[in-house]
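my_file_22.txt follows; it contains compact mmCIF, C-alpha atoms.
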```txt
# COMPACT_ATOMS: atom_id res chain seq x y z
CA MET A 882 127.88 98.14 106.77
CA VAL A 883 127.24 95.21 109.11
CA ASP A 884 127.10 91.57 108.06
CA SER A 885 127.57 88.19 109.72
CA LYS A 886 131.37 88.63 109.71
CA THR A 887 131.39 92.04 111.45
CA PRO A 888 132.94 91.91 114.98
CA VAL A 889 130.54 92.80 117.77
CA SER A 890 132.99 95.50 118.86
CA ASP A 891 132.27 97.35 115.60
CA TYR A 892 128.50 97.47 116.10
CA SER A 893 126.93 100.90 116.52
CA THR A 894 125.68 101.52 120.05
CA TYR A 895 123.54 104.10 121.81
CA ASN A 896 123.53 104.47 125.61
CA GLY A 897 125.44 101.21 125.80
CA GLN A 898 122.87 99.28 123.75
CA ILE A 899 123.42 97.87 120.27
CA VAL A 900 121.44 99.88 117.71
CA PRO A 901 118.77 97.62 116.12
CA GLY A 902 119.27 96.56 112.50
CA GLY A 903 117.14 98.36 109.96
CA SER A 904 116.90 99.06 106.25
CA GLN A 905 120.68 98.84 105.89
CA GLY A 906 120.20 95.06 105.86
CA PHE A 907 119.00 95.29 102.25
CA PRO A 908 121.98 95.60 99.87
CA GLY A 909 119.93 96.06 96.71
CA TYR A 910 119.29 93.74 93.79
CA SER A 911 122.01 91.96 91.84
CA PRO A 912 121.88 90.37 88.36
CA GLU A 913 121.39 86.99 90.07
CA ASN A 914 118.05 88.25 91.43
CA GLU A 915 116.71 89.25 88.01
CA VAL A 916 113.46 87.52 87.07
CA ASP A 917 111.34 87.92 83.94
CA ARG A 918 108.03 86.17 84.51
CA ASN A 919 104.45 86.89 83.52
CA ARG A 920 101.00 85.46 83.99
CA SER A 921 97.67 85.57 82.23
CA ASN A 922 94.36 84.27 83.46
CA PHE A 923 90.88 83.59 82.14
CA SER A 924 87.66 83.28 84.11
CA ILE A 925 83.98 82.72 83.55
CA TYR A 926 81.20 82.87 86.10
CA VAL A 927 77.45 82.61 86.39
CA ASP A 928 75.23 84.04 89.14
CA THR A 929 71.49 83.64 89.60
CA GLU A 930 68.75 84.27 92.18
CA ILE A 931 65.29 82.73 92.31
CA ASP A 932 62.31 83.86 94.41
CA PHE A 933 60.42 80.67 95.15
CA SER A 934 57.82 82.67 97.05
CA LYS A 935 57.39 86.10 98.61
CA LYS A 936 59.21 84.80 101.67
CA PHE A 937 61.87 82.45 100.34
CA MET A 938 64.74 83.27 98.00
CA MET A 939 67.75 81.22 96.92
CA GLY A 940 70.88 82.19 95.02
CA ALA A 941 73.65 80.22 93.38
CA ALA A 942 76.92 81.13 91.69
CA ALA A 943 79.83 79.31 90.10
CA ARG A 944 83.21 80.53 88.88
CA PHE A 945 85.87 78.80 86.78
CA GLU A 946 89.33 80.39 86.56
CA TYR A 947 92.44 79.37 84.66
CA TYR A 948 95.99 80.69 85.28
CA SER A 949 98.68 80.18 82.64
CA ASP A 950 101.40 79.35 85.20
CA PHE A 951 99.31 77.81 87.93
CA GLY A 952 96.34 75.79 86.72
CA SER A 953 92.59 75.99 87.07
CA THR A 954 90.05 76.06 89.86
CA LEU A 955 86.26 75.85 90.15
CA ASN A 956 84.35 77.42 93.04
CA TYR A 957 80.70 77.86 93.91
CA LYS A 958 78.30 79.58 96.30
CA LEU A 959 74.82 78.80 97.61
CA ALA A 960 72.78 81.37 99.55
CA ALA A 961 69.26 81.63 100.91
CA ARG A 962 67.05 84.19 102.64
CA TYR A 963 63.75 83.62 104.43
CA ARG A 964 61.41 86.41 105.51
CA LEU A 965 59.99 85.55 108.92
CA SER A 966 58.05 88.82 109.03
CA LYS A 967 58.08 92.27 107.49
CA LYS A 968 60.65 93.28 110.08
CA LEU A 969 62.86 90.18 110.29
CA ASN A 970 64.79 88.16 107.70
CA VAL A 971 67.15 85.24 108.25
CA ARG A 972 69.92 84.43 105.80
CA SER A 973 72.61 81.84 105.26
CA SER A 974 75.31 80.98 102.73
CA PHE A 975 77.93 78.38 101.93
CA SER A 976 80.78 78.95 99.48
CA THR A 977 84.22 77.82 98.46
CA GLY A 978 87.06 80.15 97.53
CA PHE A 979 90.68 80.24 96.52
CA ARG A 980 93.72 82.49 96.29
CA ALA A 981 96.37 81.72 93.70
CA PRO A 982 100.01 82.10 94.76
CA SER A 983 101.31 85.48 93.66
CA LEU A 984 104.13 85.94 91.17
CA VAL A 985 106.31 87.18 94.03
CA GLN A 986 105.66 84.12 96.16
CA VAL A 987 106.59 81.81 93.28
CA TYR A 988 109.53 83.58 91.62
CA TYR A 989 110.97 86.26 93.93
CA ASN A 990 114.45 85.75 95.37
CA LEU A 991 116.73 88.01 97.38
CA THR A 992 119.98 87.88 99.35
CA PHE A 993 120.11 90.20 102.38
CA THR A 994 121.57 90.68 105.85
CA ASN A 995 118.94 89.44 108.27
CA PHE A 996 118.97 90.54 111.93
CA ILE A 997 117.63 88.03 114.43
CA GLY A 998 117.69 90.09 117.59
CA ASP A 999 121.14 91.73 117.48
CA ASN A 1000 122.73 88.93 115.45
CA PRO A 1001 123.23 89.50 111.70
CA SER A 1002 123.33 86.64 109.21
CA GLU A 1003 123.44 86.45 105.45
CA SER A 1004 120.10 85.08 104.28
CA LEU A 1005 118.64 84.02 100.96
CA LEU A 1006 114.92 84.18 100.27
CA VAL A 1007 114.69 81.25 97.86
CA ALA A 1008 112.32 81.35 94.89
CA ASN A 1009 109.71 78.61 95.21
CA ASN A 1010 110.66 77.17 91.82
CA SER A 1011 114.34 76.90 92.83
CA PRO A 1012 116.18 73.55 93.17
CA ILE A 1013 117.23 74.72 96.65
CA ALA A 1014 113.57 74.75 97.73
CA ARG A 1015 113.16 71.20 96.40
CA ARG A 1016 116.23 70.13 98.37
CA PHE A 1017 114.37 71.08 101.54
CA GLY A 1018 111.28 69.20 100.38
CA ILE A 1019 109.30 72.35 99.48
CA GLU A 1020 106.87 71.59 96.65
CA ASN A 1021 105.45 73.87 93.97
CA LEU A 1022 103.04 76.35 95.48
CA LYS A 1023 99.36 75.57 94.99
CA GLU A 1024 96.30 77.67 95.64
CA GLU A 1025 94.94 78.41 99.08
CA LYS A 1026 91.48 76.85 99.34
CA ALA A 1027 88.68 78.09 101.58
CA ARG A 1028 85.28 76.89 102.76
CA ASN A 1029 82.94 79.54 104.16
CA PHE A 1030 79.65 79.23 106.03
CA SER A 1031 77.54 82.02 107.51
CA PHE A 1032 74.17 82.36 109.22
CA GLY A 1033 72.48 85.51 110.47
CA PHE A 1034 69.50 87.82 110.48
CA VAL A 1035 68.49 91.33 109.45
CA ALA A 1036 65.92 93.28 111.47
CA LYS A 1037 64.30 96.63 110.81
CA MET A 1038 62.03 98.26 113.41
CA GLY A 1039 61.20 101.85 112.60
CA ALA A 1040 64.32 103.98 113.03
CA PHE A 1041 66.34 100.99 114.27
CA ASN A 1042 68.20 98.51 112.05
CA ALA A 1043 70.27 95.51 113.14
CA THR A 1044 72.26 92.75 111.48
CA LEU A 1045 73.96 89.82 113.17
CA ASP A 1046 75.97 87.22 111.27
CA ALA A 1047 77.95 84.25 112.55
CA TYR A 1048 80.58 82.75 110.28
CA TYR A 1049 83.02 79.89 109.89
CA VAL A 1050 85.99 80.00 107.50
CA ALA A 1051 88.39 77.10 106.96
CA VAL A 1052 91.51 77.81 104.90
CA LYS A 1053 93.65 74.96 103.61
CA ASP A 1054 97.27 75.29 102.43
CA ARG A 1055 97.81 78.89 103.54
CA ILE A 1056 101.02 80.28 102.07
CA ILE A 1057 103.53 81.28 104.74
CA LEU A 1058 107.11 82.51 104.78
CA SER A 1059 109.22 79.94 106.61
CA GLY A 1060 111.82 80.59 109.26
CA ASN A 1061 115.56 80.56 108.61
CA PHE A 1062 117.14 77.16 107.85
CA ASP A 1063 120.88 76.53 108.13
CA ALA A 1064 122.49 76.73 104.68
CA SER A 1065 126.12 76.27 105.69
CA ASP A 1066 126.41 72.93 103.84
CA LEU A 1067 124.90 74.22 100.58
CA ASP A 1068 127.99 76.19 99.51
CA ILE A 1069 125.96 79.11 98.18
CA GLY A 1070 127.60 81.91 100.16
CA VAL A 1071 124.84 82.48 102.74
CA ASP A 1072 124.19 81.40 106.31
CA ASN A 1073 120.44 80.78 106.09
CA VAL A 1074 117.66 80.22 103.58
CA GLN A 1075 113.90 80.71 103.82
CA PHE A 1076 111.07 80.15 101.38
CA PHE A 1077 107.35 80.46 100.74
CA ALA A 1078 105.37 77.25 101.25
CA ASN A 1079 101.81 76.00 101.65
CA GLY A 1080 102.53 75.71 105.32
CA VAL A 1081 99.41 75.75 107.50
CA ASP A 1082 95.67 75.11 107.69
CA THR A 1083 93.51 77.43 109.77
CA LYS A 1084 89.90 77.83 110.82
CA THR A 1085 88.20 81.00 111.96
CA THR A 1086 84.86 81.47 113.69
CA GLY A 1087 83.28 84.77 114.58
CA VAL A 1088 80.32 87.12 114.79
CA ASP A 1089 79.70 90.42 113.01
CA LEU A 1090 77.25 92.90 114.54
CA VAL A 1091 75.89 96.17 113.10
CA LEU A 1092 73.32 98.34 114.92
CA ASN A 1093 71.99 101.60 113.49
CA TRP A 1094 69.49 104.17 114.79
CA ASN A 1095 68.46 107.20 112.74
CA LYS A 1096 66.19 110.08 113.69
CA LYS A 1097 65.23 112.85 111.29
CA MET A 1098 63.91 116.13 112.67
CA GLU A 1099 62.79 119.38 111.06
CA HIS A 1100 66.24 120.91 110.47
CA SER A 1101 68.54 118.19 111.75
CA GLU A 1102 69.33 114.49 111.71
CA LEU A 1103 70.90 112.25 114.36
CA THR A 1104 72.44 108.83 113.68
CA LEU A 1105 73.97 106.38 116.15
CA ASN A 1106 76.03 103.43 114.92
CA LEU A 1107 77.48 100.49 116.79
CA SER A 1108 79.43 97.85 114.89
CA GLY A 1109 81.67 95.10 116.12
CA ASN A 1110 83.39 91.84 115.43
CA ILE A 1111 84.28 88.94 117.71
CA ASN A 1112 86.77 86.59 116.10
CA TYR A 1113 88.69 83.42 116.91
CA MET A 1114 91.33 81.85 114.66
CA SER A 1115 93.17 78.59 115.29
CA ILE A 1116 95.92 76.78 113.42
CA THR A 1117 94.72 73.24 112.78
CA GLU A 1118 97.80 71.82 111.03
CA ILE A 1119 101.42 72.80 110.35
CA LYS A 1120 102.72 71.10 107.21
CA ASN A 1121 106.42 70.99 107.98
CA LYS A 1122 106.87 67.40 106.72
CA ASN A 1123 110.43 66.32 107.66
CA LEU A 1124 111.59 69.83 108.53
CA ASP A 1125 111.95 71.05 112.09
CA GLU A 1126 108.56 72.52 113.03
CA GLU A 1127 109.92 75.32 115.23
CA THR A 1128 112.21 76.50 112.42
CA PHE A 1129 109.62 76.00 109.69
CA PHE A 1130 106.81 77.90 111.44
CA GLY A 1131 107.64 78.38 115.08
CA GLU A 1132 105.83 79.86 118.05
CA ARG A 1133 106.79 83.39 117.05
CA ASP A 1134 105.50 83.00 113.48
CA ARG A 1135 102.31 81.32 114.66
CA GLN A 1136 101.59 84.21 117.02
CA PHE A 1137 101.99 86.76 114.21
CA LEU A 1138 99.54 84.81 112.05
CA LEU A 1139 96.96 84.58 114.84
CA ALA A 1140 97.37 88.28 115.59
CA SER A 1141 96.32 89.05 112.00
CA ALA A 1142 92.79 88.17 113.12
CA PRO A 1143 92.37 90.16 116.39
CA LYS A 1144 89.93 88.80 118.95
CA ASN A 1145 87.53 91.72 118.68
CA LYS A 1146 87.04 95.26 117.45
CA PHE A 1147 84.15 97.64 118.18
CA ASN A 1148 83.20 101.05 116.80
CA PHE A 1149 80.63 103.49 118.17
CA GLY A 1150 79.75 106.57 116.15
CA VAL A 1151 77.55 109.62 116.70
CA HIS A 1152 76.68 111.62 113.58
CA TYR A 1153 74.69 114.86 113.75
CA GLN A 1154 73.65 117.23 110.99
CA TYR A 1155 72.08 120.63 111.53
CA LYS A 1156 71.31 122.47 108.32
CA LYS A 1157 74.73 123.00 106.67
CA LEU A 1158 76.81 121.68 109.56
CA LYS A 1159 77.77 118.01 109.92
CA THR A 1160 79.63 116.54 112.89
CA SER A 1161 80.94 113.05 113.48
CA LEU A 1162 82.37 111.52 116.66
CA ASN A 1163 83.73 107.97 116.56
CA PHE A 1164 85.21 105.73 119.24
CA THR A 1165 87.09 102.59 118.19
CA ARG A 1166 88.14 99.92 120.64
CA PHE A 1167 90.94 97.58 119.57
CA SER A 1168 91.36 94.30 121.41
CA SER A 1169 94.53 93.09 123.06
CA VAL A 1170 97.23 91.52 120.91
CA GLN A 1171 99.96 89.12 121.98
CA LEU A 1172 103.18 88.64 119.97
CA ILE A 1173 106.48 86.85 120.47
CA ASP A 1174 109.68 88.88 120.11
CA TRP A 1175 113.24 87.85 119.21
CA GLN A 1176 114.12 86.85 122.77
CA ILE A 1177 112.59 83.49 121.89
CA THR A 1178 115.81 82.77 119.94
CA GLU A 1179 118.17 83.60 122.83
CA ASP A 1180 120.17 80.92 124.63
CA LEU A 1181 118.29 79.25 127.49
CA SER A 1182 121.16 79.98 129.87
CA ARG A 1183 119.96 83.58 130.00
CA PHE A 1184 116.64 82.38 131.43
CA ASN A 1185 117.75 79.90 134.10
CA ASN A 1186 117.62 77.14 131.45
CA SER A 1187 113.84 77.41 131.51
CA GLU A 1188 111.87 77.42 128.25
CA MET A 1189 108.89 78.76 130.20
CA GLU A 1190 110.85 81.77 131.46
CA ARG A 1191 112.19 82.47 127.98
CA LEU A 1192 108.70 82.35 126.46
CA GLU A 1193 107.37 84.64 129.19
CA ALA A 1194 110.18 87.15 128.60
CA ALA A 1195 109.64 87.02 124.82
CA THR A 1196 105.87 87.58 125.01
CA ASP A 1197 104.87 91.15 124.16
CA PHE A 1198 101.39 92.09 125.35
CA TYR A 1199 99.55 94.97 123.69
CA ALA A 1200 96.70 96.11 125.92
CA PRO A 1201 93.26 97.05 124.54
CA LYS A 1202 93.11 100.69 123.39
CA ILE A 1203 90.38 103.16 122.44
CA THR A 1204 90.94 105.86 119.83
CA THR A 1205 88.75 108.90 119.17
CA ASP A 1206 88.05 110.53 115.81
CA LEU A 1207 86.28 113.91 115.50
CA HIS A 1208 85.22 115.55 112.24
CA PHE A 1209 83.34 118.72 111.26
CA SER A 1210 82.02 119.69 107.84
CA TYR A 1211 80.30 122.95 106.83
CA GLN A 1212 78.76 123.68 103.44
CA LEU A 1213 79.67 127.34 102.89
CA ASN A 1214 77.73 127.49 99.62
CA PRO A 1215 76.72 125.06 96.87
CA THR A 1216 80.31 125.12 95.58
CA ILE A 1217 82.57 125.20 98.65
CA ASN A 1218 82.73 122.76 101.58
CA LEU A 1219 85.05 123.24 104.57
CA GLN A 1220 86.21 120.29 106.70
CA ILE A 1221 88.32 120.08 109.84
CA GLY A 1222 88.99 117.10 112.03
CA ALA A 1223 91.29 114.74 113.83
CA ASN A 1224 92.02 111.03 113.65
CA ASN A 1225 93.15 109.59 116.99
CA LEU A 1226 92.36 112.90 118.68
CA LEU A 1227 93.91 111.96 122.04
CA ASN A 1228 97.18 110.69 120.55
CA ILE A 1229 96.86 107.07 121.72
CA TYR A 1230 99.71 104.64 120.99
CA PRO A 1231 100.10 100.87 121.42
CA THR A 1232 101.68 99.54 124.60
CA LYS A 1233 105.44 100.23 124.57
CA GLN A 1234 107.72 97.24 124.20
CA TYR A 1235 111.49 96.81 124.04
CA SER A 1236 114.01 96.59 121.21
CA TYR A 1237 113.46 92.87 120.62
CA THR A 1238 110.41 93.61 118.45
CA ASP A 1239 110.38 92.65 114.78
CA SER A 1240 110.95 96.29 113.81
CA GLY A 1241 113.57 96.88 116.50
CA GLY A 1242 111.51 99.81 117.79
CA LEU A 1243 109.02 100.43 120.59
CA TRP A 1244 106.30 98.25 119.08
CA ASP A 1245 105.36 95.98 116.21
CA ALA A 1246 102.76 96.77 113.58
CA THR A 1247 99.34 96.42 115.22
CA GLN A 1248 95.83 97.01 113.94
CA MET A 1249 95.45 100.39 115.67
CA GLY A 1250 98.56 101.82 113.97
CA THR A 1251 101.55 103.62 115.42
CA ASN A 1252 101.23 107.10 113.88
CA GLY A 1253 99.49 108.87 116.76
CA SER A 1254 97.24 111.87 116.12
CA PHE A 1255 96.50 113.26 112.68
CA TYR A 1256 94.86 116.70 112.37
CA TYR A 1257 93.63 118.12 109.09
CA THR A 1258 91.74 120.87 107.32
CA LYS A 1259 90.25 120.41 103.88
CA LEU A 1260 88.59 122.77 101.45
CA ASN A 1261 86.51 121.09 98.73
CA ILE A 1262 85.52 123.11 95.67
CA LYS A 1263 82.98 121.57 93.34
CA LEU A 1264 83.17 122.96 89.84
CA GLN A 1265 79.89 122.91 87.95
```

Have the structure of the file written as structure tokens, please.
Amino acid sequence: MVDSKTPVSDYSTYNGQIVPGGSQGFPGYSPENEVDRNRSNFSIYVDTEIDFSKKFMMGAAARFEYYSDFGSTLNYKLAARYRLSKKLNVRSSFSTGFRAPSLVQVYYNLTFTNFIGDNPSESLLVANNSPIARRFGIENLKEEKARNFSFGFVAKMGAFNATLDAYYVAVKDRIILSGNFDASDLDIGVDNVQFFANGVDTKTTGVDLVLNWNKKMEHSELTLNLSGNINYMSITEIKNKNLDEETFFGERDRQFLLASAPKNKFNFGVHYQYKKLKTSLNFTRFSSVQLIDWQITEDLSRFNNSEMERLEAATDFYAPKITTDLHFSYQLNPTINLQIGANNLLNIYPTKQYSYTDSGGLWDATQMGTNGSFYYTKLNIKLQ
């Protein structure tokens, strides 16, 4: 058991290095953490489409929703499609949206040993409705609000189909988990506190692309698919009020949020069927990801008193990677189907990092996953 009062000499080590903190930092729940809360909600919506002509269509929708512990919200959507020709349509939409704060984000609280790098501290995740949160100027959570706009086209030319859509999404009052604030003067038996708050506004622009080609032959069928997304998210405002911005939602936290919307992802698939045999080969390319590790909290003296050197040392770069999936399926008879295949056939992993990652391991959670190859066989039996 390690906590903030444990001498460094008592830390577990391996090959001269301090073993990273893990699940042992969670001591379990105490009676003080017990919460009995519930929620009910009611909603009503209307959706309609009108064809003004053979070429022009418009749609509209509205939704009202009421939460017993949160309040009400009204959102709407407008959409239109225009047929330029038999082979080409253009489409556009504008809508508003919301996400109510979850029960956990409002009421959950927990005391635990938090490791920041190799340094343990006793931390309290404060419930949003707690007086402690109000003491730090954290207000009652409100809904996240979104505005969405998209414009694109759909084309069909024989065996070839294509869609291309550009979009813009602005989210206001996104709920974030703050950093650790000093709680030594609160006399509550912990070193730090953190809380959920409507902390940032973001905007995201991007493009979605889907291309499909299909060819049917006498006993077989060949399909080629290419899909991809190019995405850019930015943080437009950090709502730290009178709190220190770096502690409230610092460089490290901002980088994790931005990494949740990777810059791009592309998938190319080849699917072939010959009589009872089906094969599928897919290549997925994941873009690079950049995160900030716990070195960002280390003393500047370790980096020649240079904030630039510390940031450079704390930056973890995950290079672009391509994974390969291969699947086979054979219909033995009308009842039995045999499948074999592999996800991530070539056993590709993210770029290795060091022990300053959030998990304390070789890498953080990234969109491509960290499980390596997965091979399987499956026998499906359909009972009539």

Original post:
Which of these residues is nearest to A:Ser966, using all atoms listed in the file: A:Arg918, A:Arg1133, A:Arg1028, A:Lys1037?
Top reply: A:Lys1037

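Checking A:Leu991, A:Asp928, A:Glu946, A:Pro1001 one by one against A:Glu915, counting only C-alpha atoms, you find the shortest gap at A:Leu991.
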
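Distance annotation: of A:Tyr1153, A:Ser1141, A:Ser1011, A:Val1074, the residue with the minimal separation from A:Ala1246 is A:Ser1141; atom set is all atoms listed in the file.
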
Subject >> Shell around A:Thr1044 at 10 Å using only C-alpha atoms, local window under 4 positions removed, as a PyMOL selection string >> reply: chain A and resi 969-971+1033-1037+1089-1093+1108

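Shortest atom-to-atom contact with A:His1152 among A:Leu1139, A:Ala1064, A:Leu1207, A:Leu959: A:Leu1207, counting only C-alpha atoms.
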
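The closest residue to A:Phe993, picked from A:Asp932, A:Glu1179, A:Asp917, A:Asp1072 and counting only C-alpha atoms, is A:Asp1072.
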
Original post:
Excluding same-chain residues fewer than 4 positions from A:Leu1243, what lies within 7 Å of it counting all atoms listed in the file, as a ChimeraX atom specification?
Top reply: /A:1233-1236

Subject >> Proximity to A:Lys1156 - best of A:Tyr1211, A:Phe979, A:Tyr910, A:Phe1255, only C-alpha atoms >> reply: A:Tyr1211

Original post:
Could you work out how far atom CA of A:Ile1177 lies from atom CA of A:Met1189, giving the answer in Å with one decimal?
Top reply: 10.3 Å

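By all atoms listed in the file, and with residues fewer than 6 positions from A:Ile1119 along its chain excluded, the set lying at most 12 Å from it is Lys1053, Asp1054, Arg1055, Ile1056, Ile1057, Ser1059, Ala1078, Asn1079, Gly1080, Val1081, Asp1082, Thr1083, Asp1125, Glu1126, Glu1127, Thr1128, Phe1129, Phe1130, Gly1131, Glu1132, Asp1134 and Arg1135 of chain A.
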